[in-house]
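Undergrad: Here you go, this is run.pdb (PDB, C-alpha atoms and all ligand atoms).
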```
MODEL        1
ATOM      1  CA  MET A   6     177.540 -56.221-108.316
ATOM      2  CA  HIS A   7     174.134 -56.672-106.833
ATOM      3  CA  THR A   8     172.384 -53.897-104.998
ATOM      4  CA  PRO A   9     169.650 -55.024-102.656
ATOM      5  CA  LYS A  10     166.358 -53.186-102.740
ATOM      6  CA  LEU A  11     166.314 -50.554-100.063
ATOM      7  CA  ASN A  12     162.668 -49.825-100.365
ATOM      8  CA  PRO A  13     160.327 -52.327-101.869
ATOM      9  CA  ALA A  14     157.843 -50.591-104.081
ATOM     10  CA  HIS A  15     154.992 -52.520-102.533
ATOM     11  CA  THR A  16     154.636 -52.082 -98.826
ATOM     12  CA  HIS A  17     151.564 -54.082 -98.042
ATOM     13  CA  PRO A  18     152.591 -57.624 -97.407
ATOM     14  CA  LEU A  19     154.693 -56.469 -94.518
ATOM     15  CA  PRO A  20     158.320 -56.906 -94.379
ATOM     16  CA  SER A  21     159.005 -53.780 -92.379
ATOM     17  CA  ARG A  22     161.469 -52.522 -89.820
ATOM     18  CA  ILE A  23     158.822 -50.345 -88.303
ATOM     19  CA  VAL A  24     155.629 -52.320 -88.194
ATOM     20  CA  LYS A  25     155.429 -55.411 -86.016
ATOM     21  CA  ASP A  26     153.275 -58.433 -86.729
ATOM     22  CA  ASP A  27     150.760 -57.763 -84.005
ATOM     23  CA  GLU A  28     149.784 -54.396 -85.455
ATOM     24  CA  SER A  29     146.534 -55.479 -87.053
ATOM     25  CA  THR A  30     145.479 -57.303 -83.878
ATOM     26  CA  LEU A  31     146.090 -54.165 -81.839
ATOM     27  CA  VAL A  32     144.241 -52.019 -84.340
ATOM     28  CA  ALA A  33     141.240 -54.360 -84.346
ATOM     29  CA  ALA A  34     141.178 -54.338 -80.547
ATOM     30  CA  ALA A  35     141.405 -50.547 -80.476
ATOM     31  CA  GLN A  36     138.573 -50.338 -83.006
ATOM     32  CA  ALA A  37     136.502 -52.540 -80.730
ATOM     33  CA  GLY A  38     137.003 -50.013 -77.942
ATOM     34  CA  ASP A  39     140.098 -51.359 -76.177
ATOM     35  CA  VAL A  40     141.739 -48.152 -75.010
ATOM     36  CA  ARG A  41     144.874 -49.984 -73.873
ATOM     37  CA  ALA A  42     145.482 -51.356 -77.339
ATOM     38  CA  PHE A  43     145.410 -47.840 -78.713
ATOM     39  CA  GLU A  44     147.834 -46.709 -76.028
ATOM     40  CA  THR A  45     150.187 -49.503 -77.023
ATOM     41  CA  LEU A  46     150.132 -48.206 -80.583
ATOM     42  CA  VAL A  47     150.826 -44.686 -79.351
ATOM     43  CA  ASN A  48     153.748 -45.853 -77.233
ATOM     44  CA  ARG A  49     155.113 -47.719 -80.182
ATOM     45  CA  TYR A  50     154.985 -44.876 -82.678
ATOM     46  CA  GLU A  51     155.221 -41.670 -80.641
ATOM     47  CA  ARG A  52     158.979 -41.236 -81.172
ATOM     48  CA  ARG A  53     158.776 -41.759 -84.909
ATOM     49  CA  ILE A  54     155.776 -39.492 -85.262
ATOM     50  CA  PHE A  55     157.446 -36.745 -83.252
ATOM     51  CA  ARG A  56     160.614 -36.987 -85.317
ATOM     52  CA  LEU A  57     158.472 -36.815 -88.428
ATOM     53  CA  THR A  58     156.514 -33.736 -87.361
ATOM     54  CA  HIS A  59     159.691 -32.121 -86.065
ATOM     55  CA  ASN A  60     161.599 -32.723 -89.273
ATOM     56  CA  ILE A  61     158.765 -31.208 -91.263
ATOM     57  CA  THR A  62     157.969 -28.207 -89.081
ATOM     58  CA  GLN A  63     161.492 -27.558 -87.757
ATOM     59  CA  ASN A  64     159.808 -26.176 -84.667
ATOM     60  CA  ARG A  65     159.413 -27.938 -81.327
ATOM     61  CA  GLU A  66     156.076 -26.468 -80.389
ATOM     62  CA  ASP A  67     154.507 -27.062 -83.794
ATOM     63  CA  ALA A  68     155.911 -30.569 -83.836
ATOM     64  CA  GLU A  69     154.366 -31.332 -80.475
ATOM     65  CA  ASP A  70     150.980 -29.936 -81.450
ATOM     66  CA  ALA A  71     150.980 -31.753 -84.765
ATOM     67  CA  MET A  72     151.866 -35.039 -83.084
ATOM     68  CA  GLN A  73     149.194 -34.649 -80.417
ATOM     69  CA  GLU A  74     146.552 -33.735 -82.950
ATOM     70  CA  ALA A  75     147.578 -36.641 -85.146
ATOM     71  CA  PHE A  76     147.094 -39.206 -82.378
ATOM     72  CA  LEU A  77     143.812 -37.663 -81.256
ATOM     73  CA  LYS A  78     142.535 -37.571 -84.812
ATOM     74  CA  ALA A  79     143.637 -41.127 -85.395
ATOM     75  CA  PHE A  80     141.700 -42.208 -82.339
ATOM     76  CA  GLU A  81     138.647 -40.267 -83.408
ATOM     77  CA  HIS A  82     138.656 -41.700 -86.921
ATOM     78  CA  LEU A  83     139.735 -45.187 -86.023
ATOM     79  CA  GLY A  84     136.334 -46.532 -86.950
ATOM     80  CA  GLY A  85     136.845 -45.303 -90.500
ATOM     81  CA  PHE A  86     140.220 -46.982 -90.896
ATOM     82  CA  GLN A  87     139.692 -49.719 -93.431
ATOM     83  CA  GLY A  88     142.805 -51.774 -93.170
ATOM     84  CA  THR A  89     143.511 -51.466 -96.889
ATOM     85  CA  SER A  90     146.759 -49.725 -95.960
ATOM     86  CA  ARG A  91     148.872 -50.319 -92.909
ATOM     87  CA  PHE A  92     147.783 -48.481 -89.789
ATOM     88  CA  TYR A  93     151.227 -46.929 -89.528
ATOM     89  CA  THR A  94     150.988 -45.523 -93.064
ATOM     90  CA  TRP A  95     147.563 -44.146 -92.265
ATOM     91  CA  LEU A  96     148.901 -42.534 -89.080
ATOM     92  CA  VAL A  97     151.867 -41.034 -90.941
ATOM     93  CA  ARG A  98     149.474 -39.537 -93.445
ATOM     94  CA  ILE A  99     147.469 -37.838 -90.693
ATOM     95  CA  ALA A 100     150.627 -36.592 -88.985
ATOM     96  CA  VAL A 101     152.080 -35.221 -92.227
ATOM     97  CA  ASN A 102     148.917 -33.272 -92.894
ATOM     98  CA  GLN A 103     148.922 -31.800 -89.401
ATOM     99  CA  ALA A 104     152.613 -30.902 -89.683
ATOM    100  CA  LEU A 105     152.212 -29.326 -93.108
ATOM    101  CA  MET A 106     149.364 -27.173 -91.820
ATOM    102  CA  LYS A 107     151.647 -25.865 -89.077
ATOM    103  CA  LEU A 108     154.456 -25.261 -91.521
ATOM    104  CA  ARG A 109     152.217 -23.340 -93.897
ATOM    105  CA  LYS A 110     150.832 -21.258 -91.084
ATOM    106  CA  ARG A 111     154.271 -20.272 -89.902
ATOM    107  CA  ARG A 112     155.804 -19.777 -93.303
ATOM    108  CA  PRO A 113     152.994 -18.714 -95.586
ATOM    109  CA  GLY A 114     153.931 -18.493 -99.220
ATOM    110  CA  ILE A 115     156.868 -20.799 -98.802
ATOM    111  CA  VAL A 116     155.247 -24.141 -99.159
ATOM    112  CA  SER A 117     152.751 -25.267-101.547
ATOM    113  CA  LEU A 118     154.091 -28.739-101.875
ATOM    114  CA  ASP A 119     152.324 -29.549-105.070
ATOM    115  CA  GLU A 120     153.662 -26.491-106.821
ATOM    116  CA  GLU A 121     155.749 -27.160-109.862
ATOM    117  CA  ILE A 122     159.253 -26.417-108.800
ATOM    118  CA  GLU A 123     162.179 -25.996-111.045
ATOM    119  CA  THR A 124     164.225 -29.029-110.220
ATOM    120  CA  GLY A 125     166.557 -28.552-113.137
ATOM    121  CA  GLU A 126     168.810 -31.354-114.137
ATOM    122  CA  ALA A 127     170.578 -33.419-111.571
ATOM    123  CA  THR A 128     174.263 -32.690-111.868
ATOM    124  CA  VAL A 129     177.142 -35.067-111.410
ATOM    125  CA  PRO A 130     178.434 -34.671-107.848
ATOM    126  CA  ARG A 131     181.918 -33.278-107.565
ATOM    127  CA  ASP A 132     183.024 -34.052-104.056
ATOM    128  CA  VAL A 133     183.307 -37.798-104.250
ATOM    129  CA  GLU A 134     185.257 -39.354-101.437
ATOM    130  CA  ASP A 135     185.356 -42.744 -99.831
ATOM    131  CA  TRP A 136     183.469 -43.018 -96.536
ATOM    132  CA  GLY A 137     184.759 -46.404 -95.484
ATOM    133  CA  PRO A 138     182.492 -49.283 -94.478
ATOM    134  CA  SER A 139     180.440 -47.942 -91.543
ATOM    135  CA  PRO A 140     181.034 -44.219 -91.360
ATOM    136  CA  GLU A 141     178.149 -43.646 -88.963
ATOM    137  CA  GLN A 142     179.888 -45.728 -86.313
ATOM    138  CA  ARG A 143     182.508 -43.043 -85.904
ATOM    139  CA  TYR A 144     179.903 -41.023 -84.055
ATOM    140  CA  GLN A 145     177.995 -41.611 -80.855
ATOM    141  CA  GLN A 146     174.317 -42.221 -81.267
ATOM    142  CA  SER A 147     173.234 -38.821 -79.989
ATOM    143  CA  GLU A 148     175.884 -37.065 -82.057
ATOM    144  CA  LEU A 149     174.717 -38.929 -85.128
ATOM    145  CA  ALA A 150     171.085 -38.052 -84.431
ATOM    146  CA  ASP A 151     172.069 -34.367 -84.239
ATOM    147  CA  ILE A 152     173.978 -34.558 -87.513
ATOM    148  CA  LEU A 153     171.073 -36.236 -89.310
ATOM    149  CA  ALA A 154     168.507 -33.792 -87.934
ATOM    150  CA  HIS A 155     170.748 -30.907 -88.912
ATOM    151  CA  VAL A 156     171.317 -31.946 -92.509
ATOM    152  CA  VAL A 157     167.636 -32.779 -93.033
ATOM    153  CA  GLY A 158     166.681 -29.412 -91.557
ATOM    154  CA  ASP A 159     168.856 -27.728 -94.159
ATOM    155  CA  LEU A 160     166.918 -29.251 -97.031
ATOM    156  CA  ASP A 161     164.217 -27.330 -98.776
ATOM    157  CA  PRO A 162     160.835 -28.416 -97.345
ATOM    158  CA  LEU A 163     159.794 -29.662-100.775
ATOM    159  CA  PHE A 164     162.606 -32.186-100.742
ATOM    160  CA  ARG A 165     162.626 -32.792 -97.025
ATOM    161  CA  VAL A 166     159.114 -34.164 -96.790
ATOM    162  CA  VAL A 167     159.517 -36.505 -99.746
ATOM    163  CA  PHE A 168     162.763 -37.908 -98.377
ATOM    164  CA  GLN A 169     161.260 -38.318 -94.927
ATOM    165  CA  LEU A 170     158.259 -40.283 -96.153
ATOM    166  CA  ARG A 171     160.051 -42.376 -98.689
ATOM    167  CA  ASP A 172     163.381 -43.178 -97.066
ATOM    168  CA  ILE A 173     162.670 -42.860 -93.353
ATOM    169  CA  GLU A 174     159.028 -43.849 -92.931
ATOM    170  CA  GLU A 175     159.025 -46.614 -95.539
ATOM    171  CA  LEU A 176     156.178 -45.318 -97.664
ATOM    172  CA  SER A 177     156.232 -46.396-101.286
ATOM    173  CA  THR A 178     156.677 -43.848-104.067
ATOM    174  CA  GLU A 179     152.975 -44.143-104.875
ATOM    175  CA  GLU A 180     151.908 -43.678-101.260
ATOM    176  CA  THR A 181     154.201 -40.673-100.902
ATOM    177  CA  ALA A 182     152.718 -39.177-104.053
ATOM    178  CA  GLU A 183     149.228 -39.722-102.745
ATOM    179  CA  VAL A 184     149.880 -38.278 -99.284
ATOM    180  CA  LEU A 185     151.500 -35.155-100.719
ATOM    181  CA  GLY A 186     149.209 -34.712-103.693
ATOM    182  CA  LEU A 187     152.158 -34.989-106.087
ATOM    183  CA  SER A 188     152.647 -36.969-109.251
ATOM    184  CA  VAL A 189     154.906 -40.025-109.125
ATOM    185  CA  PRO A 190     157.534 -38.379-111.372
ATOM    186  CA  ALA A 191     157.529 -35.319-109.080
ATOM    187  CA  VAL A 192     158.150 -37.539-106.080
ATOM    188  CA  LYS A 193     160.951 -39.305-107.905
ATOM    189  CA  SER A 194     162.741 -36.164-108.979
ATOM    190  CA  ARG A 195     162.487 -34.674-105.496
ATOM    191  CA  LEU A 196     163.697 -37.857-103.929
ATOM    192  CA  LEU A 197     166.739 -37.934-106.174
ATOM    193  CA  ARG A 198     167.535 -34.314-105.356
ATOM    194  CA  ALA A 199     167.083 -34.888-101.647
ATOM    195  CA  ARG A 200     169.314 -37.947-101.624
ATOM    196  CA  LEU A 201     172.069 -36.211-103.568
ATOM    197  CA  ARG A 202     171.915 -33.155-101.377
ATOM    198  CA  LEU A 203     172.051 -35.200 -98.189
ATOM    199  CA  ARG A 204     174.923 -37.257 -99.526
ATOM    200  CA  GLU A 205     176.806 -34.054-100.149
ATOM    201  CA  SER A 206     176.050 -32.701 -96.667
ATOM    202  CA  LEU A 207     177.033 -35.935 -94.975
ATOM    203  CA  ASN A 208     180.257 -36.121 -96.952
ATOM    204  CA  ARG A 209     181.658 -33.473 -94.636
ATOM    205  CA  TYR A 210     181.129 -35.747 -91.655
ATOM    206  CA  PHE A 211     181.769 -39.154 -93.122
ATOM    207  CA  ARG A 212     184.671 -38.867 -95.506
ATOM    208  CA  ARG A 213     187.556 -40.965 -94.389
ATOM    209  CA  GLY A 214     190.153 -39.700 -91.992
ATOM    210  CA  GLU A 215     188.487 -36.442 -91.209
ATOM    211  CA  PRO A 216     185.762 -36.990 -88.726
ATOM    212  CA  SER A 217     184.748 -33.651 -87.800
TER
ATOM    213  CA  MET B   8     176.668 -44.627-120.805
ATOM    214  CA  LYS B   9     177.850 -41.342-119.311
ATOM    215  CA  CYS B  10     178.304 -40.296-115.678
ATOM    216  CA  LYS B  11     175.401 -37.930-116.096
ATOM    217  CA  SER B  12     173.009 -40.754-116.972
ATOM    218  CA  ILE B  13     174.122 -42.651-113.901
ATOM    219  CA  VAL B  14     173.086 -39.740-111.721
ATOM    220  CA  ILE B  15     169.720 -39.477-113.433
ATOM    221  CA  GLU B  16     168.977 -43.170-112.890
ATOM    222  CA  LEU B  17     170.552 -43.279-109.441
ATOM    223  CA  ALA B  18     167.375 -43.284-107.341
ATOM    224  CA  ASP B  19     165.668 -46.000-109.367
ATOM    225  CA  TYR B  20     168.882 -47.983-109.488
ATOM    226  CA  LEU B  21     169.227 -47.916-105.708
ATOM    227  CA  ASP B  22     165.580 -48.845-105.268
ATOM    228  CA  GLY B  23     165.985 -51.806-107.595
ATOM    229  CA  ALA B  24     163.352 -50.315-109.859
ATOM    230  CA  LEU B  25     165.192 -50.539-113.182
ATOM    231  CA  ASP B  26     164.773 -53.145-115.859
ATOM    232  CA  SER B  27     167.646 -55.536-116.227
ATOM    233  CA  SER B  28     169.190 -54.109-119.406
ATOM    234  CA  LEU B  29     169.433 -50.583-118.000
ATOM    235  CA  ARG B  30     170.717 -52.020-114.780
ATOM    236  CA  ALA B  31     173.376 -53.979-116.635
ATOM    237  CA  SER B  32     174.639 -50.956-118.533
ATOM    238  CA  ILE B  33     174.859 -49.000-115.296
ATOM    239  CA  GLU B  34     176.853 -51.768-113.705
ATOM    240  CA  GLN B  35     179.151 -51.873-116.705
ATOM    241  CA  HIS B  36     179.840 -48.180-116.265
ATOM    242  CA  LEU B  37     180.408 -48.608-112.541
ATOM    243  CA  GLU B  38     183.081 -51.188-113.151
ATOM    244  CA  LYS B  39     185.104 -48.655-115.071
ATOM    245  CA  CYS B  40     184.278 -45.387-113.325
ATOM    246  CA  SER B  41     185.446 -45.053-109.744
ATOM    247  CA  ASP B  42     183.807 -41.659-109.238
ATOM    248  CA  CYS B  43     180.385 -43.019-110.039
ATOM    249  CA  ARG B  44     181.075 -46.024-107.875
ATOM    250  CA  LEU B  45     181.747 -43.734-104.954
ATOM    251  CA  VAL B  46     178.638 -41.701-105.646
ATOM    252  CA  VAL B  47     176.502 -44.828-105.736
ATOM    253  CA  ASP B  48     178.139 -46.218-102.627
ATOM    254  CA  THR B  49     177.901 -43.060-100.533
ATOM    255  CA  THR B  50     174.337 -42.335-101.650
ATOM    256  CA  LYS B  51     173.381 -45.858-100.701
ATOM    257  CA  LYS B  52     175.008 -45.358 -97.311
ATOM    258  CA  THR B  53     173.216 -42.059 -96.885
ATOM    259  CA  ILE B  54     169.870 -43.765 -97.310
ATOM    260  CA  GLN B  55     170.817 -46.654 -95.045
ATOM    261  CA  ILE B  56     172.063 -44.391 -92.289
ATOM    262  CA  PHE B  57     168.806 -42.448 -92.255
ATOM    263  CA  CYS B  58     166.691 -45.523 -92.671
ATOM    264  CA  ASN B  59     168.382 -47.294 -89.744
ATOM    265  CA  SER B  60     168.504 -44.307 -87.438
ATOM    266  CA  GLU B  61     166.415 -44.785 -84.329
ATOM    267  CA  PRO B  62     164.315 -41.853 -83.240
ATOM    268  CA  ALA B  63     165.331 -40.311 -79.925
ATOM    269  CA  PRO B  64     163.033 -40.822 -76.942
ATOM    270  CA  LEU B  65     160.375 -38.163 -76.593
ATOM    271  CA  PRO B  66     161.367 -35.321 -74.302
ATOM    272  CA  ALA B  67     159.688 -36.032 -70.952
ATOM    273  CA  ASP B  68     157.523 -32.908 -70.906
ATOM    274  CA  ILE B  69     156.230 -33.552 -74.410
ATOM    275  CA  ARG B  70     155.453 -37.156 -73.616
ATOM    276  CA  GLN B  71     153.627 -36.194 -70.437
ATOM    277  CA  ARG B  72     151.436 -33.711 -72.280
ATOM    278  CA  LEU B  73     150.689 -36.185 -75.039
ATOM    279  CA  HIS B  74     149.574 -38.862 -72.624
ATOM    280  CA  ASP B  75     147.562 -36.393 -70.547
ATOM    281  CA  ALA B  76     145.741 -35.283 -73.672
ATOM    282  CA  LEU B  77     145.104 -38.870 -74.721
ATOM    283  CA  GLU B  78     143.875 -39.873 -71.312
ATOM    284  CA  LYS B  79     141.457 -37.005 -71.292
ATOM    285  CA  ARG B  80     140.142 -37.985 -74.694
ATOM    286  CA  LEU B  81     140.265 -41.755 -74.347
ATOM    287  CA  GLY B  82     138.904 -41.687 -70.811
ATOM    288  CA  GLY B  83     135.614 -40.414 -72.124
ATOM    289  CA  ALA B  84     135.510 -42.908 -74.974
ATOM    290  CA  GLY B  85     133.450 -46.050 -75.078
ATOM    291  CA  THR B  86     131.706 -45.384 -71.797
TER
HETATM  292 ZN    ZN A 301     180.970 -42.283-114.194
ENDMDL
END
```
Any chance you could put this one into structure tokens?
Ligand SMILES: [Zn+2]
TA:
Amino acid sequence: MHTPKLNPAHTHPLPSRIVKDDESTLVAAAQAGDVRAFETLVNRYERRIFRLTHNITQNREDAEDAMQEAFLKAFEHLGGFQGTSRFYTWLVRIAVNQALMKLRKRRPGIVSLDEEIETGEATVPRDVEDWGPSPEQRYQQSELADILAHVVGDLDPLFRVVFQLRDIEELSTEETAEVLGLSVPAVKSRLLRARLRLRESLNRYFRRGEPS
Amino acid sequence: MKCKSIVIELADYLDGALDSSLRASIEQHLEKCSDCRLVVDTTKKTIQIFCNSEPAPLPADIRQRLHDALEKRLGGAGT
């Protein structure tokens, strides 16, 4: 049995679902002062960035502010963007920082992401049931979006952010570690926890025969 | 190999980040253990479902405010 790579460890030579080939052209144009090129980039990424800031902050107002600030900051610092990483990764990094600031402000004491948390040992899942081939297709798109947002929202922020960056925004483990100021092993253990927890939450919706 | 070890290696296994001998022993276990097979399969699906999910369009009011703010800022740029 061969399992295809879901997330290549190296993200730089593109293959990406998110980033299109013309990205670097647009970025270069924007850096040269082409306001329209920057707007194209905003239009392209605004939904993803809002989902990102919303998943992190779990608050509409904070998510909006964080997204707005992220795009404004990106524009302001565009000249300093080196092109050693993808623009999208760079933008995600800015947005994550803005969102984390909001989260910390609203829930002081709760999140210091780099704090050593007791992750304990991963335990063998108990509720193992077959989901069938395409369980997500049993739901309408908007229903599915609600389910996904709900189960992610239930995760501890420490796990939520790692999962978001790694499995939704296509950052590599190393990039995720760098953005969050965590060690690579810390990212890995949180990612494992997050995936197992989400699997368990989704089991309720996706197990065969009982769509509910 | 025990079920417990499968869980510990699960993330790296799904990311294709294991060396071939570890990978082979995991696959040997999976052939015999249907519980672990289901865990691997449903965890893989979990990741795929999230990874493939398209973000919803921005709520109109939020989008309007974003583009107003950008226009204000970008309008004054480069001139
Ligand atoms: Zn097993």
Undergrad: Find the residues near B:Gln35: any atom within 12 Å, counting all atoms listed in the file, skip ones fewer than 6 places away on the same chain, and give them as a VMD selection string.
TA: (chain A and resid 6) or (chain B and resid 8 to 10 13 28 to 29 41 43 to 44)
Undergrad: What residues come out when you apply the PyMOL selection byres (((chain A and resi 184) around 12) and not hetatm) to this file, written as a PyMOL selection string?
TA: chain A and resi 94-103+105+118-119+166-167+170-171+176-183+185-189+192
Undergrad: Limited to C-alpha atoms, could you put the picked residues into a file as a CSV table (one decimal), in the coordinates of the input?
TA:
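The resulting out14.csv:
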```csv
chain,number,residue,atom,x,y,z
A,94,THR,CA,151.0,-45.5,-93.1
A,95,TRP,CA,147.6,-44.1,-92.3
A,96,LEU,CA,148.9,-42.5,-89.1
A,97,VAL,CA,151.9,-41.0,-90.9
A,98,ARG,CA,149.5,-39.5,-93.4
A,99,ILE,CA,147.5,-37.8,-90.7
A,100,ALA,CA,150.6,-36.6,-89.0
A,101,VAL,CA,152.1,-35.2,-92.2
A,102,ASN,CA,148.9,-33.3,-92.9
A,103,GLN,CA,148.9,-31.8,-89.4
A,105,LEU,CA,152.2,-29.3,-93.1
A,118,LEU,CA,154.1,-28.7,-101.9
A,119,ASP,CA,152.3,-29.5,-105.1
A,166,VAL,CA,159.1,-34.2,-96.8
A,167,VAL,CA,159.5,-36.5,-99.7
A,170,LEU,CA,158.3,-40.3,-96.2
A,171,ARG,CA,160.1,-42.4,-98.7
A,176,LEU,CA,156.2,-45.3,-97.7
A,177,SER,CA,156.2,-46.4,-101.3
A,178,THR,CA,156.7,-43.8,-104.1
A,179,GLU,CA,153.0,-44.1,-104.9
A,180,GLU,CA,151.9,-43.7,-101.3
A,181,THR,CA,154.2,-40.7,-100.9
A,182,ALA,CA,152.7,-39.2,-104.1
A,183,GLU,CA,149.2,-39.7,-102.7
A,185,LEU,CA,151.5,-35.2,-100.7
A,186,GLY,CA,149.2,-34.7,-103.7
A,187,LEU,CA,152.2,-35.0,-106.1
A,188,SER,CA,152.6,-37.0,-109.3
A,189,VAL,CA,154.9,-40.0,-109.1
A,192,VAL,CA,158.2,-37.5,-106.1
```
Undergrad: Quote the spacing between atom CA of B:Thr50 and atom CA of A:Trp136 in Å to one decimal place.
TA: 10.5 Å
Undergrad: Counting only C-alpha atoms and all ligand atoms, which residues of chain A fall within 12 Å of ligand ZN 301 (chain A), and what is the closest atom pair for each with its distance in Å at one decimal, ordered by chain and rising number, as JSON lines?
TA:
```
{"residue": "A:Thr128", "atom": "CA", "partner": "A:ZN301", "partner_atom": "ZN", "distance": 11.9}
{"residue": "A:Val129", "atom": "CA", "partner": "A:ZN301", "partner_atom": "ZN", "distance": 8.6}
{"residue": "A:Pro130", "atom": "CA", "partner": "A:ZN301", "partner_atom": "ZN", "distance": 10.2}
{"residue": "A:Arg131", "atom": "CA", "partner": "A:ZN301", "partner_atom": "ZN", "distance": 11.2}
{"residue": "A:Val133", "atom": "CA", "partner": "A:ZN301", "partner_atom": "ZN", "distance": 11.2}
```
Undergrad: Could you build a table of the residues in chain A lying no more than 7 Å from chain B, giving for each the nearest pair of atoms and their separation in Å rounded to one decimal place, using all atoms listed in the file, ordered by chain and ascending residue number, as JSON lines?
TA:
```
{"residue": "A:Thr8", "atom": "CA", "partner": "B:Leu21", "partner_atom": "CA", "distance": 6.8}
{"residue": "A:Pro9", "atom": "CA", "partner": "B:Gly23", "partner_atom": "CA", "distance": 6.9}
{"residue": "A:Lys10", "atom": "CA", "partner": "B:Gly23", "partner_atom": "CA", "distance": 5.1}
{"residue": "A:Leu11", "atom": "CA", "partner": "B:Asp22", "partner_atom": "CA", "distance": 5.5}
{"residue": "A:Asn12", "atom": "CA", "partner": "B:Asp22", "partner_atom": "CA", "distance": 5.8}
{"residue": "A:Gly38", "atom": "CA", "partner": "B:Gly85", "partner_atom": "CA", "distance": 6.0}
{"residue": "A:Val40", "atom": "CA", "partner": "B:Leu81", "partner_atom": "CA", "distance": 6.6}
{"residue": "A:Arg52", "atom": "CA", "partner": "B:Leu65", "partner_atom": "CA", "distance": 5.7}
{"residue": "A:Arg53", "atom": "CA", "partner": "B:Pro62", "partner_atom": "CA", "distance": 5.8}
{"residue": "A:Arg56", "atom": "CA", "partner": "B:Pro62", "partner_atom": "CA", "distance": 6.5}
{"residue": "A:Glu69", "atom": "CA", "partner": "B:Ile69", "partner_atom": "CA", "distance": 6.7}
{"residue": "A:Gln73", "atom": "CA", "partner": "B:Leu73", "partner_atom": "CA", "distance": 5.8}
{"residue": "A:Leu77", "atom": "CA", "partner": "B:Leu77", "partner_atom": "CA", "distance": 6.8}
{"residue": "A:Ala127", "atom": "CA", "partner": "B:Ile15", "partner_atom": "CA", "distance": 6.4}
{"residue": "A:Thr128", "atom": "CA", "partner": "B:Lys11", "partner_atom": "CA", "distance": 6.8}
{"residue": "A:Val129", "atom": "CA", "partner": "B:Lys11", "partner_atom": "CA", "distance": 5.8}
{"residue": "A:Val133", "atom": "CA", "partner": "B:Leu45", "partner_atom": "CA", "distance": 6.2}
{"residue": "A:Glu134", "atom": "CA", "partner": "B:Leu45", "partner_atom": "CA", "distance": 6.6}
{"residue": "A:Asp135", "atom": "CA", "partner": "B:Leu45", "partner_atom": "CA", "distance": 6.3}
{"residue": "A:Trp136", "atom": "CA", "partner": "B:Thr49", "partner_atom": "CA", "distance": 6.9}
{"residue": "A:Glu141", "atom": "CA", "partner": "B:Ile56", "partner_atom": "CA", "distance": 7.0}
{"residue": "A:Asp172", "atom": "CA", "partner": "B:Cys58", "partner_atom": "CA", "distance": 6.0}
{"residue": "A:Ile173", "atom": "CA", "partner": "B:Cys58", "partner_atom": "CA", "distance": 4.9}
{"residue": "A:Leu197", "atom": "CA", "partner": "B:Ala18", "partner_atom": "CA", "distance": 5.5}
{"residue": "A:Arg200", "atom": "CA", "partner": "B:Thr50", "partner_atom": "CA", "distance": 6.7}
{"residue": "A:Leu201", "atom": "CA", "partner": "B:Thr50", "partner_atom": "CA", "distance": 6.8}
{"residue": "A:Arg204", "atom": "CA", "partner": "B:Thr50", "partner_atom": "CA", "distance": 5.5}
```
Undergrad: Take the residues just selected and output them with C-alpha atoms as an mmCIF file, keeping the file's coordinate frame.
TA:
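The new file result-v2.cif reads:
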```
data_model
loop_
_atom_site.group_PDB
_atom_site.id
_atom_site.type_symbol
_atom_site.label_atom_id
_atom_site.label_comp_id
_atom_site.auth_asym_id
_atom_site.auth_seq_id
_atom_site.Cartn_x
_atom_site.Cartn_y
_atom_site.Cartn_z
ATOM 1 C CA THR A 8 172.384 -53.897 -104.998
ATOM 2 C CA PRO A 9 169.650 -55.024 -102.656
ATOM 3 C CA LYS A 10 166.358 -53.186 -102.740
ATOM 4 C CA LEU A 11 166.314 -50.554 -100.063
ATOM 5 C CA ASN A 12 162.668 -49.825 -100.365
ATOM 6 C CA GLY A 38 137.003 -50.013 -77.942
ATOM 7 C CA VAL A 40 141.739 -48.152 -75.010
ATOM 8 C CA ARG A 52 158.979 -41.236 -81.172
ATOM 9 C CA ARG A 53 158.776 -41.759 -84.909
ATOM 10 C CA ARG A 56 160.614 -36.987 -85.317
ATOM 11 C CA GLU A 69 154.366 -31.332 -80.475
ATOM 12 C CA GLN A 73 149.194 -34.649 -80.417
ATOM 13 C CA LEU A 77 143.812 -37.663 -81.256
ATOM 14 C CA ALA A 127 170.578 -33.419 -111.571
ATOM 15 C CA THR A 128 174.263 -32.690 -111.868
ATOM 16 C CA VAL A 129 177.142 -35.067 -111.410
ATOM 17 C CA VAL A 133 183.307 -37.798 -104.250
ATOM 18 C CA GLU A 134 185.257 -39.354 -101.437
ATOM 19 C CA ASP A 135 185.356 -42.744 -99.831
ATOM 20 C CA TRP A 136 183.469 -43.018 -96.536
ATOM 21 C CA GLU A 141 178.149 -43.646 -88.963
ATOM 22 C CA ASP A 172 163.381 -43.178 -97.066
ATOM 23 C CA ILE A 173 162.670 -42.860 -93.353
ATOM 24 C CA LEU A 197 166.739 -37.934 -106.174
ATOM 25 C CA ARG A 200 169.314 -37.947 -101.624
ATOM 26 C CA LEU A 201 172.069 -36.211 -103.568
ATOM 27 C CA ARG A 204 174.923 -37.257 -99.526
#
```
Undergrad: At what distance in Å, to one decimal, does atom CA of A:Arg165 lie from atom CA of A:Pro138?
TA: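 Taking atom CA of A:Pro138 and atom CA of A:Arg165, their separation equals 25.9 Å.
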Undergrad: State, in Å with one decimal place, the distance from atom CA of A:Ala68 to atom CA of A:Phe55.
TA: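 Rounded to one decimal, the two atoms are 6.4 Å apart.
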Undergrad: Taking (140.3, -50.8, -90.7) in the coordinates of the supplied file, I want to know which residues reach to within 12 Å of it, counting only C-alpha atoms; could you give the answer as a list in words?
TA: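 The answer, in the requested form, is Glu28, Ser29, Thr30, Leu31, Val32, Ala33, Ala34, Ala35, Gln36, Ala37, Ala79, His82, Leu83, Gly84, Gly85, Phe86, Gln87, Gly88, Thr89, Ser90, Arg91, Phe92, Tyr93 and Trp95 of chain A.
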